[in-house]
file input.txt (compact mmCIF, C-alpha atoms)
# COMPACT_ATOMS: atom_id res chain seq x y z
CA MET A 1 -81.87 -23.44 99.07
CA HIS A 2 -82.54 -19.81 99.93
CA ARG A 3 -84.56 -17.49 97.72
CA PHE A 4 -84.62 -13.70 97.67
CA SER A 5 -86.66 -11.22 95.67
CA LEU A 6 -85.88 -7.98 93.92
CA GLN A 7 -87.91 -5.37 92.10
CA THR A 8 -86.55 -4.08 88.81
CA THR A 9 -87.53 -0.63 87.55
CA ARG A 10 -86.56 -0.50 83.87
CA ARG A 11 -86.89 -2.75 80.83
CA SER A 12 -83.13 -3.38 80.84
CA GLU A 13 -81.23 -3.05 84.09
CA MET A 14 -78.30 -4.54 86.00
CA ILE A 15 -78.55 -4.73 89.81
CA ASN A 16 -75.63 -5.64 92.08
CA ILE A 17 -76.73 -8.68 94.13
CA THR A 18 -73.37 -9.61 95.68
CA ALA A 19 -74.50 -8.77 99.24
CA ASP A 20 -77.79 -10.66 98.73
CA ILE A 21 -75.84 -13.75 97.67
CA GLU A 22 -73.62 -13.50 100.73
CA ALA A 23 -76.70 -13.25 102.95
CA ALA A 24 -78.20 -16.25 101.13
CA ALA A 25 -74.96 -18.23 101.54
CA ARG A 26 -75.19 -17.60 105.29
CA ALA A 27 -78.84 -18.69 105.25
CA VAL A 28 -77.92 -22.02 103.60
CA GLY A 29 -74.93 -22.47 105.91
CA VAL A 30 -72.09 -22.03 103.41
CA GLN A 31 -69.20 -20.13 105.00
CA ASN A 32 -66.56 -21.77 102.81
CA GLY A 33 -67.62 -23.71 99.73
CA SER A 34 -69.59 -22.89 96.65
CA VAL A 35 -73.16 -22.07 95.67
CA LEU A 36 -75.30 -22.11 92.54
CA VAL A 37 -76.91 -18.72 91.89
CA TRP A 38 -80.03 -19.38 89.80
CA VAL A 39 -82.49 -17.01 88.16
CA PRO A 40 -85.78 -18.94 87.68
CA HIS A 41 -86.87 -16.66 84.84
CA THR A 42 -86.54 -16.81 81.05
CA THR A 43 -86.08 -13.09 80.34
CA ALA A 44 -83.45 -12.30 82.97
CA ALA A 45 -79.91 -13.45 83.70
CA VAL A 46 -76.99 -13.32 86.13
CA THR A 47 -73.44 -12.32 85.27
CA ILE A 48 -70.17 -11.22 86.83
CA ASN A 49 -68.66 -7.92 85.71
CA GLU A 50 -67.22 -4.60 86.86
CA GLY A 51 -68.91 -2.95 89.80
CA ALA A 52 -66.84 0.23 90.15
CA ASP A 53 -68.01 2.46 87.29
CA PRO A 54 -71.79 2.58 86.71
CA ASP A 55 -71.07 3.46 83.06
CA VAL A 56 -69.93 -0.15 82.46
CA PRO A 57 -73.36 -1.79 82.95
CA GLU A 58 -74.97 1.09 81.02
CA ASP A 59 -72.65 0.52 78.06
CA MET A 60 -73.15 -3.24 78.26
CA LEU A 61 -76.95 -2.95 78.24
CA ARG A 62 -76.99 -0.43 75.38
CA ARG A 63 -74.57 -2.47 73.25
CA LEU A 64 -76.49 -5.67 73.95
CA GLY A 65 -79.68 -3.86 72.92
CA THR A 66 -78.05 -2.91 69.62
CA MET A 67 -76.97 -6.51 69.00
CA VAL A 68 -80.38 -7.92 69.97
CA PRO A 69 -82.94 -5.24 69.01
CA TRP A 70 -86.22 -5.23 70.94
CA ARG A 71 -88.39 -5.11 67.84
CA ASP A 72 -87.93 -7.56 65.01
CA LEU A 73 -90.74 -7.87 62.48
CA ASP A 74 -89.89 -11.54 61.94
CA ASP A 75 -90.51 -12.54 65.57
CA LEU A 76 -93.27 -15.11 65.94
CA HIS A 77 -93.67 -15.13 69.74
CA GLY A 78 -96.83 -13.20 70.55
CA GLU A 79 -95.56 -11.65 73.78
CA GLY A 80 -93.08 -9.56 71.80
CA ASN A 81 -90.18 -10.19 74.17
CA SER A 82 -88.10 -12.64 72.15
CA ALA A 83 -85.13 -10.28 72.42
CA ALA A 84 -85.20 -10.71 76.20
CA HIS A 85 -85.31 -14.51 75.87
CA LEU A 86 -82.24 -14.50 73.63
CA LYS A 87 -80.32 -12.12 75.92
CA SER A 88 -81.13 -14.44 78.84
CA SER A 89 -79.54 -17.41 77.06
CA LEU A 90 -76.53 -15.39 75.85
CA VAL A 91 -75.68 -14.11 79.34
CA GLY A 92 -76.98 -17.20 81.15
CA CYS A 93 -79.47 -17.72 83.97
CA SER A 94 -76.98 -19.07 86.51
CA GLN A 95 -73.50 -18.78 87.95
CA VAL A 96 -71.52 -21.03 90.25
CA VAL A 97 -69.51 -18.92 92.71
CA ALA A 98 -67.04 -19.82 95.42
CA ILE A 99 -67.70 -18.57 98.96
CA GLN A 100 -64.68 -17.84 101.14
CA ASP A 101 -65.10 -16.71 104.75
CA GLY A 102 -68.71 -15.85 103.96
CA LYS A 103 -67.83 -13.62 100.99
CA VAL A 104 -68.22 -14.33 97.28
CA ARG A 105 -64.67 -14.94 96.04
CA LEU A 106 -64.34 -12.22 93.38
CA GLY A 107 -61.58 -10.41 91.55
CA THR A 108 -60.81 -6.80 92.46
CA TRP A 109 -63.36 -5.25 90.07
CA GLN A 110 -65.94 -8.03 89.98
CA VAL A 111 -69.45 -7.98 91.43
CA VAL A 112 -72.43 -10.27 90.74
CA TRP A 113 -75.11 -8.61 88.59
CA PHE A 114 -78.74 -9.56 88.21
CA CYS A 115 -79.70 -8.69 84.62
CA GLU A 116 -83.26 -7.65 83.83
CA PHE A 117 -84.14 -7.79 80.13
CA ASP A 118 -87.95 -7.45 80.24
CA GLY A 119 -88.79 -5.28 83.23
CA PRO A 120 -89.92 -3.73 85.31
CA ARG A 121 -90.88 -6.89 87.20
CA GLN A 122 -90.73 -8.54 90.57
CA ARG A 123 -87.93 -11.15 90.28
CA LYS A 124 -86.48 -13.99 92.34
CA VAL A 125 -82.99 -15.43 92.76
CA GLU A 126 -82.31 -18.87 94.24
CA VAL A 127 -79.05 -19.76 95.98
CA THR A 128 -78.32 -23.47 96.47
CA ALA A 129 -75.35 -24.98 98.34
CA LEU A 130 -73.23 -27.27 96.15
CA MET B 131 -71.50 -40.03 84.94
CA HIS B 132 -74.38 -41.00 82.67
CA ARG B 133 -74.46 -40.28 78.95
CA PHE B 134 -77.42 -40.13 76.61
CA SER B 135 -77.69 -39.57 72.86
CA LEU B 136 -79.98 -37.58 70.67
CA GLN B 137 -80.42 -37.16 66.93
CA THR B 138 -80.86 -33.66 65.59
CA THR B 139 -82.69 -33.07 62.33
CA ARG B 140 -81.91 -29.49 61.27
CA ARG B 141 -78.81 -27.27 61.07
CA SER B 142 -80.12 -25.14 63.97
CA GLU B 143 -82.48 -26.69 66.45
CA MET B 144 -83.41 -26.62 70.12
CA ILE B 145 -84.55 -29.88 71.76
CA ASN B 146 -86.06 -30.08 75.25
CA ILE B 147 -83.87 -32.50 77.26
CA THR B 148 -85.32 -31.89 80.73
CA ALA B 149 -86.76 -35.40 81.05
CA ASP B 150 -83.50 -36.96 79.79
CA ILE B 151 -81.57 -35.07 82.47
CA GLU B 152 -83.97 -36.29 85.14
CA ALA B 153 -83.52 -39.88 83.92
CA ALA B 154 -79.74 -39.36 83.95
CA ALA B 155 -79.85 -37.89 87.47
CA ARG B 156 -81.64 -41.07 88.59
CA ALA B 157 -79.01 -43.17 86.82
CA VAL B 158 -76.18 -41.41 88.69
CA GLY B 159 -78.10 -41.59 91.97
CA VAL B 160 -78.89 -37.91 92.49
CA GLN B 161 -82.38 -37.47 93.96
CA ASN B 162 -81.53 -34.22 95.75
CA GLY B 163 -78.33 -32.38 94.85
CA SER B 164 -76.88 -30.96 91.67
CA VAL B 165 -75.47 -32.19 88.39
CA LEU B 166 -73.26 -30.87 85.62
CA VAL B 167 -74.95 -31.15 82.21
CA TRP B 168 -72.16 -31.24 79.62
CA VAL B 169 -72.26 -31.24 75.83
CA PRO B 170 -68.98 -32.81 74.60
CA HIS B 171 -69.23 -31.03 71.23
CA THR B 172 -67.86 -27.75 69.90
CA THR B 173 -70.78 -26.76 67.63
CA ALA B 174 -73.65 -27.39 70.05
CA ALA B 175 -74.68 -25.99 73.43
CA VAL B 176 -77.10 -26.29 76.35
CA THR B 177 -79.27 -23.51 77.73
CA ILE B 178 -82.28 -22.86 79.93
CA ASN B 179 -85.22 -20.96 78.46
CA GLU B 180 -88.97 -20.94 77.93
CA GLY B 181 -90.58 -24.27 77.08
CA ALA B 182 -94.23 -23.26 76.70
CA ASP B 183 -94.38 -21.50 73.32
CA PRO B 184 -92.46 -23.21 70.48
CA ASP B 185 -92.15 -19.78 68.84
CA VAL B 186 -89.60 -18.76 71.48
CA PRO B 187 -86.83 -21.19 70.41
CA GLU B 188 -87.65 -20.43 66.76
CA ASP B 189 -87.20 -16.69 67.34
CA MET B 190 -84.04 -17.28 69.36
CA LEU B 191 -82.45 -19.45 66.66
CA ARG B 192 -83.38 -17.03 63.86
CA ARG B 193 -82.12 -13.97 65.75
CA LEU B 194 -78.91 -15.78 66.70
CA GLY B 195 -78.46 -16.70 63.05
CA THR B 196 -78.77 -13.04 62.10
CA MET B 197 -76.17 -12.04 64.72
CA VAL B 198 -73.78 -14.83 63.71
CA PRO B 199 -74.33 -15.43 59.98
CA TRP B 200 -73.48 -18.89 58.66
CA ARG B 201 -71.40 -17.62 55.78
CA ASP B 202 -68.61 -15.11 56.31
CA LEU B 203 -66.09 -14.68 53.52
CA ASP B 204 -63.37 -13.86 56.06
CA ASP B 205 -63.62 -17.23 57.84
CA LEU B 206 -60.39 -19.21 57.73
CA HIS B 207 -61.61 -22.55 59.16
CA GLY B 208 -61.94 -24.98 56.24
CA GLU B 209 -64.97 -26.83 57.57
CA GLY B 210 -67.07 -23.69 57.09
CA ASN B 211 -68.85 -24.00 60.43
CA SER B 212 -67.14 -21.22 62.42
CA ALA B 213 -70.54 -19.65 63.07
CA ALA B 214 -71.56 -22.80 64.95
CA HIS B 215 -68.35 -22.71 67.02
CA LEU B 216 -69.00 -19.12 68.08
CA LYS B 217 -72.65 -19.82 68.92
CA SER B 218 -71.52 -22.76 71.07
CA SER B 219 -69.25 -20.49 73.13
CA LEU B 220 -71.85 -17.70 73.38
CA VAL B 221 -74.56 -20.01 74.71
CA GLY B 222 -72.15 -22.36 76.51
CA CYS B 223 -71.59 -26.11 76.41
CA SER B 224 -72.65 -26.82 80.00
CA GLN B 225 -75.08 -25.96 82.77
CA VAL B 226 -75.07 -26.78 86.46
CA VAL B 227 -78.63 -27.55 87.60
CA ALA B 228 -80.11 -28.39 90.99
CA ILE B 229 -82.09 -31.63 91.35
CA GLN B 230 -84.92 -31.64 93.88
CA ASP B 231 -86.98 -34.81 94.51
CA GLY B 232 -85.66 -36.19 91.25
CA LYS B 233 -86.72 -33.18 89.17
CA VAL B 234 -84.61 -30.41 87.72
CA ARG B 235 -85.34 -27.37 89.88
CA LEU B 236 -86.67 -24.90 87.30
CA GLY B 237 -88.77 -21.75 87.22
CA THR B 238 -92.36 -21.94 85.97
CA TRP B 239 -91.49 -21.39 82.31
CA GLN B 240 -88.00 -22.89 82.20
CA VAL B 241 -86.91 -26.09 80.49
CA VAL B 242 -83.42 -27.33 79.57
CA TRP B 243 -82.66 -27.05 75.86
CA PHE B 244 -80.02 -28.86 73.85
CA CYS B 245 -78.92 -26.44 71.10
CA GLU B 246 -77.76 -27.81 67.76
CA PHE B 247 -75.86 -25.30 65.64
CA ASP B 248 -74.34 -27.56 62.95
CA GLY B 249 -76.78 -30.41 62.39
CA PRO B 250 -78.25 -32.71 61.62
CA ARG B 251 -75.95 -34.92 63.71
CA GLN B 252 -75.95 -37.66 66.31
CA ARG B 253 -75.12 -35.90 69.61
CA LYS B 254 -74.31 -36.85 73.20
CA VAL B 255 -74.97 -35.22 76.55
CA GLU B 256 -73.13 -36.18 79.75
CA VAL B 257 -74.62 -35.76 83.21
CA THR B 258 -72.21 -35.86 86.16
CA ALA B 259 -73.12 -35.75 89.86
CA LEU B 260 -71.49 -32.82 91.69
CA MET C 261 -57.97 -23.07 95.58
CA HIS C 262 -54.99 -22.94 93.24
CA ARG C 263 -54.15 -19.92 91.13
CA PHE C 264 -51.98 -19.70 88.02
CA SER C 265 -50.92 -16.78 85.85
CA LEU C 266 -50.59 -16.24 82.16
CA GLN C 267 -49.33 -13.43 79.98
CA THR C 268 -51.42 -12.46 76.98
CA THR C 269 -49.80 -10.81 73.98
CA ARG C 270 -52.65 -9.38 71.87
CA ARG C 271 -55.81 -7.35 72.50
CA SER C 272 -57.96 -10.38 71.63
CA GLU C 273 -56.52 -13.84 72.09
CA MET C 274 -57.49 -17.38 73.05
CA ILE C 275 -54.96 -19.49 74.98
CA ASN C 276 -55.36 -23.23 75.63
CA ILE C 277 -55.21 -23.68 79.43
CA THR C 278 -56.31 -27.33 79.64
CA ALA C 279 -52.93 -28.54 80.93
CA ASP C 280 -52.78 -25.69 83.48
CA ILE C 281 -56.20 -26.71 84.81
CA GLU C 282 -55.08 -30.32 85.13
CA ALA C 283 -51.98 -29.19 87.06
CA ALA C 284 -54.19 -27.01 89.26
CA ALA C 285 -56.63 -29.91 89.85
CA ARG C 286 -53.64 -31.96 91.07
CA ALA C 287 -52.57 -29.06 93.31
CA VAL C 288 -56.02 -28.91 94.95
CA GLY C 289 -56.17 -32.70 95.25
CA VAL C 290 -58.92 -33.45 92.73
CA GLN C 291 -58.15 -36.65 90.80
CA ASN C 292 -61.83 -37.50 90.19
CA GLY C 293 -64.48 -34.87 90.81
CA SER C 294 -65.11 -31.39 89.53
CA VAL C 295 -63.60 -27.94 89.75
CA LEU C 296 -64.68 -24.35 89.19
CA VAL C 297 -62.39 -22.55 86.73
CA TRP C 298 -62.69 -18.83 87.49
CA VAL C 299 -61.22 -15.79 85.75
CA PRO C 300 -61.09 -12.96 88.34
CA HIS C 301 -61.15 -10.29 85.62
CA THR C 302 -63.92 -8.29 83.95
CA THR C 303 -62.48 -8.08 80.43
CA ALA C 304 -61.50 -11.74 79.97
CA ALA C 305 -63.38 -15.04 79.93
CA VAL C 306 -63.06 -18.82 79.80
CA THR C 307 -64.76 -21.10 77.29
CA ILE C 308 -64.65 -24.62 75.86
CA ASN C 309 -64.23 -25.02 72.11
CA GLU C 310 -62.24 -26.74 69.39
CA GLY C 311 -58.51 -27.10 69.96
CA ALA C 312 -57.44 -28.84 66.75
CA ASP C 313 -57.51 -26.11 64.10
CA PRO C 314 -56.02 -22.74 65.14
CA ASP C 315 -58.29 -21.09 62.56
CA VAL C 316 -61.30 -21.77 64.81
CA PRO C 317 -60.29 -19.39 67.63
CA GLU C 318 -59.16 -16.83 65.02
CA ASP C 319 -62.56 -16.92 63.32
CA MET C 320 -64.36 -16.77 66.67
CA LEU C 321 -62.38 -13.73 67.83
CA ARG C 322 -62.82 -11.89 64.53
CA ARG C 323 -66.55 -12.60 64.35
CA LEU C 324 -67.01 -11.61 67.98
CA GLY C 325 -65.13 -8.38 67.23
CA THR C 326 -67.56 -7.64 64.41
CA MET C 327 -70.56 -8.26 66.67
CA VAL C 328 -69.10 -6.17 69.50
CA PRO C 329 -66.97 -3.47 67.85
CA TRP C 330 -64.13 -2.02 69.92
CA ARG C 331 -65.08 1.59 69.25
CA ASP C 332 -68.60 2.84 69.84
CA LEU C 333 -69.12 6.59 70.03
CA ASP C 334 -72.01 6.11 72.47
CA ASP C 335 -69.86 4.38 75.10
CA LEU C 336 -69.78 6.28 78.40
CA HIS C 337 -67.06 4.29 80.23
CA GLY C 338 -63.91 6.39 80.19
CA GLU C 339 -61.48 3.49 79.88
CA GLY C 340 -62.79 2.79 76.38
CA ASN C 341 -62.94 -0.99 76.85
CA SER C 342 -66.70 -1.52 77.20
CA ALA C 343 -66.57 -3.96 74.27
CA ALA C 344 -64.28 -6.19 76.33
CA HIS C 345 -66.63 -6.04 79.32
CA LEU C 346 -69.57 -7.14 77.20
CA LYS C 347 -67.59 -9.95 75.56
CA SER C 348 -66.60 -11.17 79.04
CA SER C 349 -70.24 -11.48 80.08
CA LEU C 350 -71.32 -13.07 76.80
CA VAL C 351 -68.67 -15.80 76.97
CA GLY C 352 -68.62 -15.95 80.78
CA CYS C 353 -65.86 -15.69 83.37
CA SER C 354 -66.13 -19.27 84.67
CA GLN C 355 -66.69 -22.90 83.77
CA VAL C 356 -67.39 -25.95 85.90
CA VAL C 357 -65.50 -28.93 84.51
CA ALA C 358 -65.40 -32.59 85.52
CA ILE C 359 -62.01 -34.15 86.32
CA GLN C 360 -61.57 -37.84 85.56
CA ASP C 361 -58.31 -39.63 86.38
CA GLY C 362 -56.62 -36.26 86.65
CA LYS C 363 -57.74 -35.08 83.22
CA VAL C 364 -60.43 -32.57 82.30
CA ARG C 365 -63.29 -34.67 80.93
CA LEU C 366 -63.66 -33.23 77.42
CA GLY C 367 -65.14 -34.25 74.10
CA THR C 368 -62.84 -35.29 71.28
CA TRP C 369 -62.32 -31.78 69.90
CA GLN C 370 -62.74 -29.76 73.08
CA VAL C 371 -60.08 -27.83 74.99
CA VAL C 372 -60.41 -25.13 77.64
CA TRP C 373 -59.62 -21.65 76.34
CA PHE C 374 -58.70 -18.54 78.30
CA CYS C 375 -60.13 -15.59 76.35
CA GLU C 376 -58.35 -12.23 76.47
CA PHE C 377 -60.49 -9.31 75.28
CA ASP C 378 -58.40 -6.32 76.48
CA GLY C 379 -54.77 -7.37 76.32
CA PRO C 380 -51.96 -7.67 76.40
CA ARG C 381 -52.06 -8.15 80.17
CA GLN C 382 -50.85 -10.37 82.95
CA ARG C 383 -53.85 -12.52 83.90
CA LYS C 384 -54.81 -15.03 86.61
CA VAL C 385 -57.02 -18.10 86.67
CA GLU C 386 -58.34 -19.67 89.88
CA VAL C 387 -59.24 -23.35 90.17
CA THR C 388 -61.40 -24.37 93.14
CA ALA C 389 -62.44 -27.91 94.10
CA LEU C 390 -66.23 -28.34 94.23

call {"tool": "encode", "arguments": {"input": "input.txt", "output": "structure tokens"}}
result
Amino acid sequence: MHRFSLQTTRRSEMINITADIEAAARAVGVQNGSVLVWVPHTTAAVTINEGADPDVPEDMLRRLGTMVPWRDLDDLHGEGNSAAHLKSSLVGCSQVVAIQDGKVRLGTWQVVWFCEFDGPRQRKVEVTAL
Amino acid sequence: MHRFSLQTTRRSEMINITADIEAAARAVGVQNGSVLVWVPHTTAAVTINEGADPDVPEDMLRRLGTMVPWRDLDDLHGEGNSAAHLKSSLVGCSQVVAIQDGKVRLGTWQVVWFCEFDGPRQRKVEVTAL
Amino acid sequence: MHRFSLQTTRRSEMINITADIEAAARAVGVQNGSVLVWVPHTTAAVTINEGADPDVPEDMLRRLGTMVPWRDLDDLHGEGNSAAHLKSSLVGCSQVVAIQDGKVRLGTWQVVWFCEFDGPRQRKVEVTAL
């Protein structure tokens, strides 16, 4: 298992971690195979989506924020971040990806995104060989 | 593959199954490795989220119920549980988790939750070595 | 890795690809084991849900379309398909499934669905042995 860190800078943010995963795959010795990409947090997530136009993650985060509003007077959880917990489970805290010749095997427009839903925070991602 | 059962008691409910997965990992002989946790149902799911404050799953279930209301006059499916089907696909019916020294490798606040969306029912979870 | 194609015919559509995955598992030599089912697109997804009543996928697609409306005047992405990108990340572009005796190991009512969110298009699915 190889772990890397990243610093988020906004409450909601998507950060391209494709290169970090490829470095981690090298570190765990996977040149061809597959790895589990795991976010060990409960208010963050990892997803695969378009990496070409930065407007795509912006639209995704804004729309997701409309669907799951930050404030909800019925929330019980004292920390006030229940929206971030739900977003984490909707998007998911892990992805299994194939590694081919040291690269994440992705479609033309795909990259791997770390999703912050309760930042800014220092975050970790764990990459485990399968 | 090892299968275990659980009985849900409400229409919407989250049940911590981390210990059951660890017992199942032992049963399939995985002390260090990874397993596929699979819910063989179409109105339930499995997710990873906070296990410390019971208000978190309560808030998640209530917010998800607001996003995906139980009754929708446009539903065609005669069983009347289309909301539960959609929730199952949004959260997902499976998770791949790493097992380290017999324990699910989780972040500080993470546990594995079985999600019931159309209970109460008798449910099964299957754990397969990868 | 084995890749197959499919042609979608509507903007939003769910297509049962269970048999295609079993053919692909044969092609990659997995009779008993597990495979990664990967959609190399950013406006499509793959999920597991009920295959018996065709009203279930219809209800799911309609409800998902209500939650994530196609048009949103605040969208920045010029292609106008940000809704499809978000749906792809909510449902997810991949699934790990167990293969047993050449068949996808599924619950009684489960099938594997390809989800089109920005069709009609020619699409691909990749199946990789784990």

call {"tool": "closest_residue", "arguments": {"input": "input.txt", "among": "B:Ser212, B:Thr177, B:Gln230, B:Ser218", "to": "chain A", "atoms": "only C-alpha atoms"}}
result
B:Thr177

call {"tool": "residues_around", "arguments": {"input": "input.txt", "residues": "Lys124 of chain A", "least_positions_apart": "4", "cutoff": "7 Å", "atoms": "all atoms listed in the file", "output": "ChimeraX atom specification"}}
result
/A:3-6,39-40

call {"tool": "interface_residues", "arguments": {"input": "input.txt", "of": "chain A", "to": "chain C", "cutoff": "7 Å", "atoms": "only C-alpha atoms", "output": "list in words"}}
result
Ser34, Thr47, Ile48, Asn49, Glu50, Asp55, Val56, Asp59, Met60, Leu90, Val91, Leu106, Gly107, Trp109 and Gln110 of chain A

call {"tool": "atom_distance", "arguments": {"input": "input.txt", "atom1": "atom CA of Ala358 of chain C", "atom2": "atom CA of Gly293 of chain C"}}
result
5.8 Å

call {"tool": "atom_distance", "arguments": {"input": "input.txt", "atom1": "atom CA of Val371 of chain C", "atom2": "atom CA of Val97 of chain A"}}
result
22.0 Å

call {"tool": "residues_around", "arguments": {"input": "input.txt", "residues": "Gly102 of chain A", "least_positions_apart": "4", "cutoff": "8 Å", "atoms": "all atoms listed in the file", "output": "list in words"}}
result
Glu22, Ala25, Arg26, Val30, Gln31 and Asn32 of chain A

call {"tool": "atom_distance", "arguments": {"input": "input.txt", "atom1": "atom CA of Arg192 of chain B", "atom2": "atom CA of Phe247 of chain B"}}
result
11.3 Å

call {"tool": "residues_around", "arguments": {"input": "input.txt", "residues": "Ala154 of chain B", "least_positions_apart": "3", "cutoff": "8 Å", "atoms": "all atoms listed in the file", "output": "PyMOL selection string"}}
result
chain B and resi 132-134+150-151+157-158+257

call {"tool": "residues_around", "arguments": {"input": "input.txt", "residues": "Ser12 of chain A", "least_positions_apart": "5", "cutoff": "8 Å", "atoms": "all atoms listed in the file", "output": "list in words"}}
result
Leu61, Cys115, Glu116, Phe117, Asp118 and Gly119 of chain A

call {"tool": "closest_residue", "arguments": {"input": "input.txt", "among": "A:Arg105, A:Val112, A:Pro120, A:Val125", "to": "Ile17 of chain A", "atoms": "all atoms listed in the file"}}
result
A:Val112

call {"tool": "axis_aligned_box", "arguments": {"input": "input.txt", "around": "segment 135-139 of chain B", "padding_each_side": "8 Å", "output": "AutoDock Vina command-line options"}}
result
--center_x -80.2 --center_y -36.3 --center_z 67.6 --size_x 21.0 --size_y 22.5 --size_z 26.5

call {"tool": "decode", "arguments": {"input": "input.txt", "residues": "segment 42-99 of chain A", "atoms": "C-alpha atoms", "output": "mmCIF file, in the first residue's frame"}}
result
data_model
loop_
_atom_site.group_PDB
_atom_site.id
_atom_site.type_symbol
_atom_site.label_atom_id
_atom_site.label_comp_id
_atom_site.auth_asym_id
_atom_site.auth_seq_id
_atom_site.Cartn_x
_atom_site.Cartn_y
_atom_site.Cartn_z
ATOM 1 C CA THR A 42 -15.969 10.313 5.399
ATOM 2 C CA THR A 43 -16.513 13.741 3.811
ATOM 3 C CA ALA A 44 -14.496 13.245 0.623
ATOM 4 C CA ALA A 45 -14.679 10.904 -2.364
ATOM 5 C CA VAL A 46 -12.977 9.735 -5.545
ATOM 6 C CA THR A 47 -14.550 9.633 -8.994
ATOM 7 C CA ILE A 48 -13.702 9.373 -12.671
ATOM 8 C CA ASN A 49 -14.912 12.125 -15.000
ATOM 9 C CA GLU A 50 -13.889 14.588 -17.692
ATOM 10 C CA GLY A 51 -10.530 16.259 -17.282
ATOM 11 C CA ALA A 52 -10.443 18.510 -20.360
ATOM 12 C CA ASP A 53 -12.797 21.386 -19.517
ATOM 13 C CA PRO A 54 -12.491 22.809 -15.977
ATOM 14 C CA ASP A 55 -16.137 23.920 -16.250
ATOM 15 C CA VAL A 56 -17.234 20.264 -15.920
ATOM 16 C CA PRO A 57 -16.089 19.783 -12.298
ATOM 17 C CA GLU A 58 -17.394 23.270 -11.453
ATOM 18 C CA ASP A 59 -20.842 22.412 -12.829
ATOM 19 C CA MET A 60 -20.797 19.031 -11.092
ATOM 20 C CA LEU A 61 -19.926 20.535 -7.704
ATOM 21 C CA ARG A 62 -22.520 23.319 -8.004
ATOM 22 C CA ARG A 63 -25.281 20.935 -9.106
ATOM 23 C CA LEU A 64 -24.384 18.463 -6.360
ATOM 24 C CA GLY A 65 -24.531 21.347 -3.863
ATOM 25 C CA THR A 66 -28.040 22.177 -5.062
ATOM 26 C CA MET A 67 -29.139 18.546 -4.675
ATOM 27 C CA VAL A 68 -27.519 18.208 -1.242
ATOM 28 C CA PRO A 69 -27.680 21.679 0.353
ATOM 29 C CA TRP A 70 -25.054 22.483 2.987
ATOM 30 C CA ARG A 71 -27.561 23.742 5.532
ATOM 31 C CA ASP A 72 -30.584 21.714 6.504
ATOM 32 C CA LEU A 73 -32.423 22.699 9.667
ATOM 33 C CA ASP A 74 -33.400 19.070 10.272
ATOM 34 C CA ASP A 75 -29.798 17.822 10.504
ATOM 35 C CA LEU A 76 -28.991 16.261 13.864
ATOM 36 C CA HIS A 77 -25.212 15.827 13.513
ATOM 37 C CA GLY A 78 -23.571 18.547 15.586
ATOM 38 C CA GLU A 79 -20.618 19.113 13.264
ATOM 39 C CA GLY A 80 -22.961 20.542 10.632
ATOM 40 C CA ASN A 81 -21.365 18.675 7.742
ATOM 41 C CA SER A 82 -23.967 15.988 7.071
ATOM 42 C CA ALA A 83 -24.218 17.191 3.466
ATOM 43 C CA ALA A 84 -20.566 16.272 2.966
ATOM 44 C CA HIS A 85 -21.127 12.806 4.458
ATOM 45 C CA LEU A 86 -23.999 12.131 2.065
ATOM 46 C CA LYS A 87 -22.046 13.402 -0.963
ATOM 47 C CA SER A 88 -19.186 11.079 0.035
ATOM 48 C CA SER A 89 -21.489 8.045 -0.049
ATOM 49 C CA LEU A 90 -23.205 9.125 -3.290
ATOM 50 C CA VAL A 91 -19.922 9.541 -5.176
ATOM 51 C CA GLY A 92 -18.090 6.813 -3.252
ATOM 52 C CA CYS A 93 -14.819 6.736 -1.324
ATOM 53 C CA SER A 94 -13.009 4.300 -3.620
ATOM 54 C CA GLN A 95 -12.388 3.231 -7.197
ATOM 55 C CA VAL A 96 -10.763 0.146 -8.661
ATOM 56 C CA VAL A 97 -8.691 1.110 -11.711
ATOM 57 C CA ALA A 98 -6.678 -0.926 -14.182
ATOM 58 C CA ILE A 99 -3.007 -0.050 -14.682
#
